[in-house]
Each structure stands twice: as structure tokens, then as C-alpha cells.
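Q: Pasting in a structure now, in C-alpha cells, and then I'll have a few things to ask.
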Amino acid sequence: MDFSLFHFADDGEAEGDRYRLLMDGARFADEHGLAAVWTPERHFHRFGGLFPNPSVTAAAVAAVTSRVRVRAGSVVLPLHHPVRVAEEWAMVDNLSHGRAGVALASGWNPRDFLFDPDAYADRRERTVAAVETLRQLWRGEAFGAEPEYRVYPPPVQAEIPLWLTSSGNPGTFETAGHVGVGVLTNLLTQSMESLAENVTAYRRAYANSGREGRGHVVLMLHTCLGEDLESVERLVREPLRRYLMSALDLNLRSTGSTAGKGTAAGRPSAEERARAWARSTFAPAAVDGAYQRYLTSDGLFGAVSDALPVVERVQEMGVDEIACLIDFGVPVDAALSGLARLDELRAVVDRRRAQRFVEASRR
């Protein structure tokens, strides 16, 4: 089981150095053996809006690190030409000396498709089709016939590490297995039980693809570790609730809207519907339910001993890496101090794995 850091900040009313947690956290990850730093692509909303371009943040992380991998979690592929994606990430691969990786998302918020409104309808097909295009470009093969286009600078890695991002759609898991890429997922809209089924389907599809290995499953989990669950809950209660409300607000603003089209006459806009919902009695109940779920079973909160059962549970499901979402509004200094506990958790998991290996070899 690998551990990495994941960023998807709600900017809120942040002041000063908005990227201190990203940069200081990346240095910690680099020095303490974490696997990667993931940054997203988000647009036009404070929920995730600190990160409109993951290649830019990846380049910044690459400049202050030497070992940890720098990954997009995710590039919203339909918003970009695949040649441009390959070109930018080949540059990141050079800046990082071969540490770049890219998760591809099809996108879900119509507002994001301001960049290419026509791409919304077939966004999933475009994302899957781009996998082989990116692989070919990364290997130095040409795009197009007359004239041909090749990517410069040539990347350091022989193959581009790729994942497909899924919020729990079984079809995406199976597609990722068929095309031989990893999966980046979360528990926002799927249960632990659904995740276990999806991972099984992914492994089966990957085995049938004829590619070597078994693939790679990354699970994003909200994370804040400290001395005990009670003190951590006092720290995260308000930030996590605000974060969840921002996420619901973004979902509601996108519901029912279409890319590049206005609101029908007499019909409330997406923003008006979101504000009305937030004023209703349902919003607090929905946030309370999500908050309790993350705090008790679907996140890494509390002491190392509180988080360990969650890690072991997802490990049994076949998850290869936990991407720890640390920037959901907790004060930066508190989030950074919690990384030491995360390092302790990683060490405990490693010791237990080594112990199981020794015990198995004696049988």
C-alpha cells in the first residue's frame, strides 16, 4: 500500500500564500517516502478553483522535489487537444526527470466546457480514445499525416503512466482495465461495497486485456490525523462541513444546465436552484450525513489507530494507493503537522505487510 497527497482545495476566504500547503506538503512527501502528489483541474468555482491547470502545479512541485511523483488528478481531457496534453506533460516529465503521471477525466460540469462546448456530448468517448493517442505521442510517433506533428521535448519515461478517473461508474472501471490503464477513484458517490465490486471488475478486465501486471487502483480519501479522534473532530468539523457544502453547491449549479446554452425563459437558473436548496432543510441533513460517513468510515481521521482499520479494509479490496486529500479547509499549519502522523501510519502499514510476508514464507 502506497500513500500520496491529493489536493482539491475549497479556496473559501483564503488569504496570503494559497499554495503553501501544496509546496510544503510536496517537500514533506519527497523527504518521507510518499508515492506522489496529485493536483486536479478545476474551473470557475472556489471548490477546487485553486487548480485550473495541473501541468503548472506539477511543474512547481517538480522544481522543489527530487523523488516523489507528480501527477494530474485529473486532466479533463475533452477540454484540450490530446497533442497539447502530451506536449505539456512531456515537459513536466523532463522537469521532474521522469516522475510525471496523468489521470484522465471526462468531465461532468457543463460550465467547464466553455473551452469547447461541442465536446460535452461525447466527452467520455473522447477521453477513452485519447489513451492510445497519448501513448503514441509519448513514444515519439507522429500525429496526423500531412503534415505530421511530434511532441517536443521528448519525454524521459518510455511509457506515459495513465489512469482513468471514476466516481464509481462500473463501466469506467472496466474500460480502464480493457485499455490497460490505472483507476483513480473516490467515495463521494460510491460505497465501500460498490468499490470492492468495481475493483474486482477492473482486475478481471485488466487480466483479459493481455497486458502485463494487474493495473493500479488509487483511492482518494479525506485525511486529517492527530492525537485522537476527539481533537481531530474539533479541528475538522467546520472546515469539512463547509467543504461538503461547496461540493454540493457545485453539483447543484451544474445539474440541469447544458454546455454553452442559456436558461429557458421562466425557469430558475442553476445558481438560483442551488441557493434555494441551500436554504432548505435538506442541505444540512445531507451535509451531516456525508460528514459522519467520512469521519467514521470513509476517511482517515483521528489517531493512527483510528485510521488503520480503514486502510486495512481498502487494502483487502485491492486498492494499491491511498491519495490523502489534506486541503479541505483545515488551517495550513494543522494540516502540515498531521503529515507526521500520516508518516507513522505508512510505517505501521509497512511493518504489518512485512510481518505478513515473513509469516507466509514460514508456512
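Chain labels run A, B, ... following the order of the C-alpha cells; each chain numbers its residues from 1, and ligands are numbered from 1 in the order shown.
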Go through range 139-203 of chain A and flag each residue having an atom no more than 12 Å from range 32-47 of chain A; for those, report the closest pair of atoms plus their distance in Å to one decimal, using only C-alpha atoms, ordered by chain and rising number, as CSV.
A:
```
residue,atom,partner,partner_atom,distance
A:Trp163,CA,A:Trp38,CA,12.0
A:Thr165,CA,A:Pro40,CA,10.9
A:Leu184,CA,A:Trp38,CA,10.4
```
Q: Just list the residues in range 140-232 of chain A DSSP gives helix (DSSP H, G or I) on the backbone, as JSON, numbers by chain.
A: {"A": [170, 171, 172, 173, 174, 175, 176, 177, 178, 179, 192, 193, 194, 195, 196, 197, 198, 199, 200, 201, 202, 203, 204, 205, 206, 207, 208, 229, 230, 231, 232]}
Q: Go through A:Glu238, A:Asp93, A:Glu197, A:Asp116 and flag the residue nearest Asn169 in chain A, using only C-alpha atoms for the distances.
A: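 Checking each of A:Glu238, A:Asp93, A:Glu197, A:Asp116 against Asn169 in chain A, counting only C-alpha atoms, the winner is A:Glu197.
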Q: Neighbouring residues of Gly171 in chain A were defined as those with any atom within 12 Å, considering only C-alpha atoms; residues of the same chain fewer than 2 positions away were excluded. Please report them as a list of chain:residue names.
A: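 My reading of the contact set: A:Arg124, A:Val128, A:Leu164, A:Thr165, A:Ser166, A:Ser167, A:Gly168, A:Asn169, A:Phe173, A:Glu174, A:Thr175, A:Ala176, A:Gly177, A:His178, A:Val183, A:Glu197, A:Asn198, A:Val199, A:Ala201, A:Tyr202, A:Ala205.
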Q: Could you write those residues out with N, CA, C and O atoms, as an mmCIF file, in the first residue's frame?
A:
```
data_model
loop_
_atom_site.group_PDB
_atom_site.id
_atom_site.type_symbol
_atom_site.label_atom_id
_atom_site.label_comp_id
_atom_site.auth_asym_id
_atom_site.auth_seq_id
_atom_site.Cartn_x
_atom_site.Cartn_y
_atom_site.Cartn_z
ATOM 1 N N ARG A 124 -17.002 11.292 -22.883
ATOM 2 C CA ARG A 124 -16.464 10.002 -22.433
ATOM 3 C C ARG A 124 -15.750 9.288 -23.569
ATOM 4 O O ARG A 124 -14.664 8.719 -23.373
ATOM 5 N N VAL A 128 -11.573 8.194 -23.653
ATOM 6 C CA VAL A 128 -11.048 6.843 -23.880
ATOM 7 C C VAL A 128 -10.215 6.798 -25.150
ATOM 8 O O VAL A 128 -9.136 6.177 -25.186
ATOM 9 N N LEU A 164 -7.607 6.334 -15.539
ATOM 10 C CA LEU A 164 -8.914 6.938 -15.798
ATOM 11 C C LEU A 164 -9.554 7.267 -14.458
ATOM 12 O O LEU A 164 -9.477 6.475 -13.516
ATOM 13 N N THR A 165 -10.186 8.415 -14.378
ATOM 14 C CA THR A 165 -10.839 8.838 -13.151
ATOM 15 C C THR A 165 -12.300 8.414 -13.168
ATOM 16 O O THR A 165 -13.007 8.633 -14.157
ATOM 17 N N SER A 166 -12.743 7.815 -12.059
ATOM 18 C CA SER A 166 -14.127 7.375 -11.945
ATOM 19 C C SER A 166 -14.653 7.695 -10.559
ATOM 20 O O SER A 166 -13.984 7.442 -9.560
ATOM 21 N N SER A 167 -15.890 8.219 -10.501
ATOM 22 C CA SER A 167 -16.550 8.435 -9.219
ATOM 23 C C SER A 167 -17.320 7.208 -8.763
ATOM 24 O O SER A 167 -18.009 7.250 -7.749
ATOM 25 N N GLY A 168 -17.227 6.116 -9.529
ATOM 26 C CA GLY A 168 -17.887 4.878 -9.137
ATOM 27 C C GLY A 168 -18.641 4.182 -10.242
ATOM 28 O O GLY A 168 -19.264 3.141 -10.009
ATOM 29 N N ASN A 169 -18.593 4.714 -11.453
ATOM 30 C CA ASN A 169 -19.274 4.077 -12.577
ATOM 31 C C ASN A 169 -18.578 2.758 -12.916
ATOM 32 O O ASN A 169 -17.404 2.754 -13.297
ATOM 33 N N PHE A 173 -14.507 1.639 -14.672
ATOM 34 C CA PHE A 173 -13.538 0.694 -14.129
ATOM 35 C C PHE A 173 -13.198 -0.384 -15.168
ATOM 36 O O PHE A 173 -12.024 -0.721 -15.382
ATOM 37 N N GLU A 174 -14.220 -0.932 -15.801
ATOM 38 C CA GLU A 174 -13.983 -1.979 -16.786
ATOM 39 C C GLU A 174 -13.252 -1.432 -18.007
ATOM 40 O O GLU A 174 -12.354 -2.091 -18.548
ATOM 41 N N THR A 175 -13.624 -0.236 -18.434
ATOM 42 C CA THR A 175 -12.931 0.370 -19.575
ATOM 43 C C THR A 175 -11.459 0.586 -19.274
ATOM 44 O O THR A 175 -10.594 0.312 -20.113
ATOM 45 N N ALA A 176 -11.151 1.071 -18.066
ATOM 46 C CA ALA A 176 -9.756 1.270 -17.676
ATOM 47 C C ALA A 176 -8.991 -0.038 -17.738
ATOM 48 O O ALA A 176 -7.826 -0.088 -18.185
ATOM 49 N N GLY A 177 -9.613 -1.134 -17.298
ATOM 50 C CA GLY A 177 -8.969 -2.431 -17.385
ATOM 51 C C GLY A 177 -8.747 -2.857 -18.826
ATOM 52 O O GLY A 177 -7.668 -3.357 -19.186
ATOM 53 N N HIS A 178 -9.735 -2.666 -19.670
ATOM 54 C CA HIS A 178 -9.633 -3.074 -21.071
ATOM 55 C C HIS A 178 -8.500 -2.358 -21.799
ATOM 56 O O HIS A 178 -7.800 -2.960 -22.622
ATOM 57 N N VAL A 183 -6.802 3.215 -12.343
ATOM 58 C CA VAL A 183 -8.050 3.880 -11.978
ATOM 59 C C VAL A 183 -7.775 4.795 -10.792
ATOM 60 O O VAL A 183 -7.145 4.394 -9.816
ATOM 61 N N GLU A 197 -16.616 -4.213 -5.498
ATOM 62 C CA GLU A 197 -17.108 -4.832 -6.731
ATOM 63 C C GLU A 197 -16.438 -4.225 -7.957
ATOM 64 O O GLU A 197 -16.077 -4.934 -8.905
ATOM 65 N N ASN A 198 -16.269 -2.915 -7.937
ATOM 66 C CA ASN A 198 -15.644 -2.242 -9.081
ATOM 67 C C ASN A 198 -14.187 -2.630 -9.244
ATOM 68 O O ASN A 198 -13.697 -2.797 -10.372
ATOM 69 N N VAL A 199 -13.467 -2.762 -8.137
ATOM 70 C CA VAL A 199 -12.064 -3.165 -8.216
ATOM 71 C C VAL A 199 -11.960 -4.578 -8.778
ATOM 72 O O VAL A 199 -11.086 -4.874 -9.619
ATOM 73 N N ALA A 201 -14.056 -6.046 -10.827
ATOM 74 C CA ALA A 201 -14.345 -5.964 -12.257
ATOM 75 C C ALA A 201 -13.161 -5.387 -13.025
ATOM 76 O O ALA A 201 -12.840 -5.832 -14.140
ATOM 77 N N TYR A 202 -12.503 -4.401 -12.433
ATOM 78 C CA TYR A 202 -11.325 -3.799 -13.066
ATOM 79 C C TYR A 202 -10.194 -4.812 -13.218
ATOM 80 O O TYR A 202 -9.585 -4.925 -14.292
ATOM 81 N N ALA A 205 -11.013 -7.239 -16.013
ATOM 82 C CA ALA A 205 -10.868 -6.629 -17.337
ATOM 83 C C ALA A 205 -9.397 -6.423 -17.689
ATOM 84 O O ALA A 205 -8.989 -6.622 -18.848
#
```
Q: Of the candidates A:Leu77, A:Ala90, A:Leu95, A:Val83, which shows the shortest atom-to-atom distance to Ala142 in chain A, using only C-alpha atoms?
A: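 Under the stated criterion, the closest residue is A:Val83.
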Q: Need the shell around Ile160 in chain A: protein/DNA/RNA residues with any atom at most 10 Å away, counting only C-alpha atoms. Skip same-chain ones fewer than 6 positions apart. Format as a PyMOL selection string?
A: chain A and resi 86+89-90+93+98-102+131+134-139+181
Q: From the list A:Leu300, A:Ser96, A:Val349, A:Gly329, which residue is nearest Arg18 in chain A when using only C-alpha atoms?
A: A:Gly329
Q: Give me the residues near range 311-328 of chain A as a short mmCIF file (atom, residue, chain, number, x, y, z; two decimals) with all heavy atoms, in the first residue's frame, where near means some atom within 6 Å (using only C-alpha atoms) and where sequence neighbours in that chain fewer than 6 positions away do not count.
A:
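result_24.cif, written as the output of this step:
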```cif
data_model
loop_
_atom_site.label_atom_id
_atom_site.label_comp_id
_atom_site.auth_asym_id
_atom_site.auth_seq_id
_atom_site.Cartn_x
_atom_site.Cartn_y
_atom_site.Cartn_z
N MET A 1 0.84 -1.20 0.00
CA MET A 1 0.00 0.00 0.00
C MET A 1 0.87 1.24 0.00
O MET A 1 1.69 1.44 0.89
CB MET A 1 -0.92 -0.01 1.22
CG MET A 1 -1.71 1.27 1.41
SD MET A 1 -2.95 1.55 0.13
CE MET A 1 -4.11 0.24 0.53
N ASP A 2 0.69 2.07 -1.02
CA ASP A 2 1.38 3.35 -1.08
C ASP A 2 0.46 4.46 -0.58
O ASP A 2 -0.78 4.35 -0.63
CB ASP A 2 1.80 3.67 -2.52
CG ASP A 2 2.97 2.84 -2.98
OD1 ASP A 2 3.83 2.51 -2.13
OD2 ASP A 2 3.03 2.50 -4.17
N PHE A 3 1.06 5.54 -0.11
CA PHE A 3 0.33 6.73 0.31
C PHE A 3 0.84 7.92 -0.49
O PHE A 3 2.04 8.06 -0.73
CB PHE A 3 0.51 6.99 1.81
CG PHE A 3 -0.14 5.97 2.69
CD1 PHE A 3 0.50 4.80 3.02
CD2 PHE A 3 -1.42 6.19 3.19
CE1 PHE A 3 -0.09 3.85 3.83
CE2 PHE A 3 -2.04 5.25 3.99
CZ PHE A 3 -1.36 4.07 4.32
N SER A 4 -0.07 8.79 -0.87
CA SER A 4 0.30 10.00 -1.60
C SER A 4 -0.56 11.15 -1.09
O SER A 4 -1.46 10.96 -0.28
CB SER A 4 0.11 9.80 -3.11
OG SER A 4 -1.22 9.38 -3.41
N LEU A 5 -0.28 12.36 -1.55
CA LEU A 5 -1.05 13.54 -1.18
C LEU A 5 -1.91 13.97 -2.35
O LEU A 5 -1.47 13.96 -3.51
CB LEU A 5 -0.13 14.69 -0.76
CG LEU A 5 0.78 14.44 0.44
CD1 LEU A 5 1.54 15.71 0.79
CD2 LEU A 5 0.00 13.93 1.65
N PHE A 6 -3.14 14.39 -2.03
CA PHE A 6 -4.10 14.80 -3.05
C PHE A 6 -4.63 16.18 -2.69
O PHE A 6 -4.89 16.46 -1.52
CB PHE A 6 -5.26 13.80 -3.12
CG PHE A 6 -6.11 13.91 -4.36
CD1 PHE A 6 -5.86 13.10 -5.45
CD2 PHE A 6 -7.16 14.82 -4.42
CE1 PHE A 6 -6.65 13.19 -6.60
CE2 PHE A 6 -7.95 14.91 -5.56
CZ PHE A 6 -7.69 14.10 -6.65
N HIS A 7 -4.80 17.03 -3.70
CA HIS A 7 -5.27 18.40 -3.46
C HIS A 7 -6.52 18.69 -4.27
O HIS A 7 -6.61 18.34 -5.45
CB HIS A 7 -4.17 19.41 -3.83
CG HIS A 7 -2.99 19.33 -2.92
ND1 HIS A 7 -2.87 20.07 -1.77
CD2 HIS A 7 -1.88 18.55 -2.97
CE1 HIS A 7 -1.74 19.77 -1.16
NE2 HIS A 7 -1.12 18.86 -1.87
N ALA A 9 -8.63 21.84 -3.11
CA ALA A 9 -8.99 22.80 -2.06
C ALA A 9 -10.23 23.61 -2.41
O ALA A 9 -10.46 23.99 -3.55
CB ALA A 9 -7.82 23.75 -1.82
N ALA A 196 -15.48 -2.29 -3.78
CA ALA A 196 -14.92 -3.64 -3.84
C ALA A 196 -15.35 -4.35 -5.12
O ALA A 196 -14.54 -5.01 -5.78
CB ALA A 196 -15.36 -4.44 -2.61
N VAL A 217 -4.87 0.75 -8.73
CA VAL A 217 -6.07 1.42 -8.23
C VAL A 217 -5.66 2.41 -7.15
O VAL A 217 -5.03 2.05 -6.16
CB VAL A 217 -7.08 0.41 -7.65
CG1 VAL A 217 -8.29 1.14 -7.08
CG2 VAL A 217 -7.51 -0.59 -8.72
N VAL A 218 -6.03 3.68 -7.36
CA VAL A 218 -5.76 4.74 -6.40
C VAL A 218 -7.09 5.23 -5.84
O VAL A 218 -8.01 5.57 -6.59
CB VAL A 218 -5.01 5.92 -7.05
CG1 VAL A 218 -4.68 6.99 -6.02
CG2 VAL A 218 -3.75 5.44 -7.75
N LEU A 219 -7.19 5.28 -4.52
CA LEU A 219 -8.41 5.74 -3.84
C LEU A 219 -8.12 7.03 -3.09
O LEU A 219 -7.25 7.07 -2.23
CB LEU A 219 -8.91 4.67 -2.86
CG LEU A 219 -10.10 5.07 -1.98
CD1 LEU A 219 -11.35 5.32 -2.82
CD2 LEU A 219 -10.37 3.99 -0.93
N MET A 220 -8.87 8.08 -3.42
CA MET A 220 -8.74 9.34 -2.70
C MET A 220 -9.58 9.28 -1.42
O MET A 220 -10.76 8.93 -1.46
CB MET A 220 -9.20 10.50 -3.58
CG MET A 220 -8.97 11.88 -2.96
SD MET A 220 -10.34 12.39 -1.87
CE MET A 220 -11.60 12.82 -3.04
N LEU A 221 -8.96 9.61 -0.28
CA LEU A 221 -9.66 9.66 1.00
C LEU A 221 -9.35 10.98 1.70
O LEU A 221 -8.19 11.39 1.77
CB LEU A 221 -9.23 8.50 1.91
CG LEU A 221 -9.63 7.08 1.50
CD1 LEU A 221 -9.06 6.08 2.51
CD2 LEU A 221 -11.14 6.94 1.41
N HIS A 222 -10.37 11.62 2.23
CA HIS A 222 -10.15 12.80 3.08
C HIS A 222 -9.33 12.38 4.29
O HIS A 222 -9.60 11.34 4.91
CB HIS A 222 -11.49 13.38 3.54
CG HIS A 222 -12.31 13.96 2.43
ND1 HIS A 222 -12.93 13.19 1.47
CD2 HIS A 222 -12.62 15.25 2.13
CE1 HIS A 222 -13.59 13.97 0.63
NE2 HIS A 222 -13.42 15.23 1.01
N THR A 223 -8.35 13.21 4.65
CA THR A 223 -7.38 12.79 5.67
C THR A 223 -7.03 13.94 6.60
O THR A 223 -6.70 15.04 6.14
CB THR A 223 -6.08 12.28 5.00
OG1 THR A 223 -6.39 11.19 4.14
CG2 THR A 223 -5.07 11.84 6.04
N TYR A 243 -16.62 22.45 3.26
CA TYR A 243 -16.12 21.80 2.05
C TYR A 243 -17.23 20.99 1.39
O TYR A 243 -17.44 21.07 0.17
CB TYR A 243 -14.95 20.89 2.43
CG TYR A 243 -14.33 20.12 1.28
CD1 TYR A 243 -13.26 20.65 0.56
CD2 TYR A 243 -14.80 18.86 0.93
CE1 TYR A 243 -12.69 19.95 -0.47
CE2 TYR A 243 -14.23 18.15 -0.10
CZ TYR A 243 -13.18 18.69 -0.81
OH TYR A 243 -12.61 17.99 -1.84
#
```
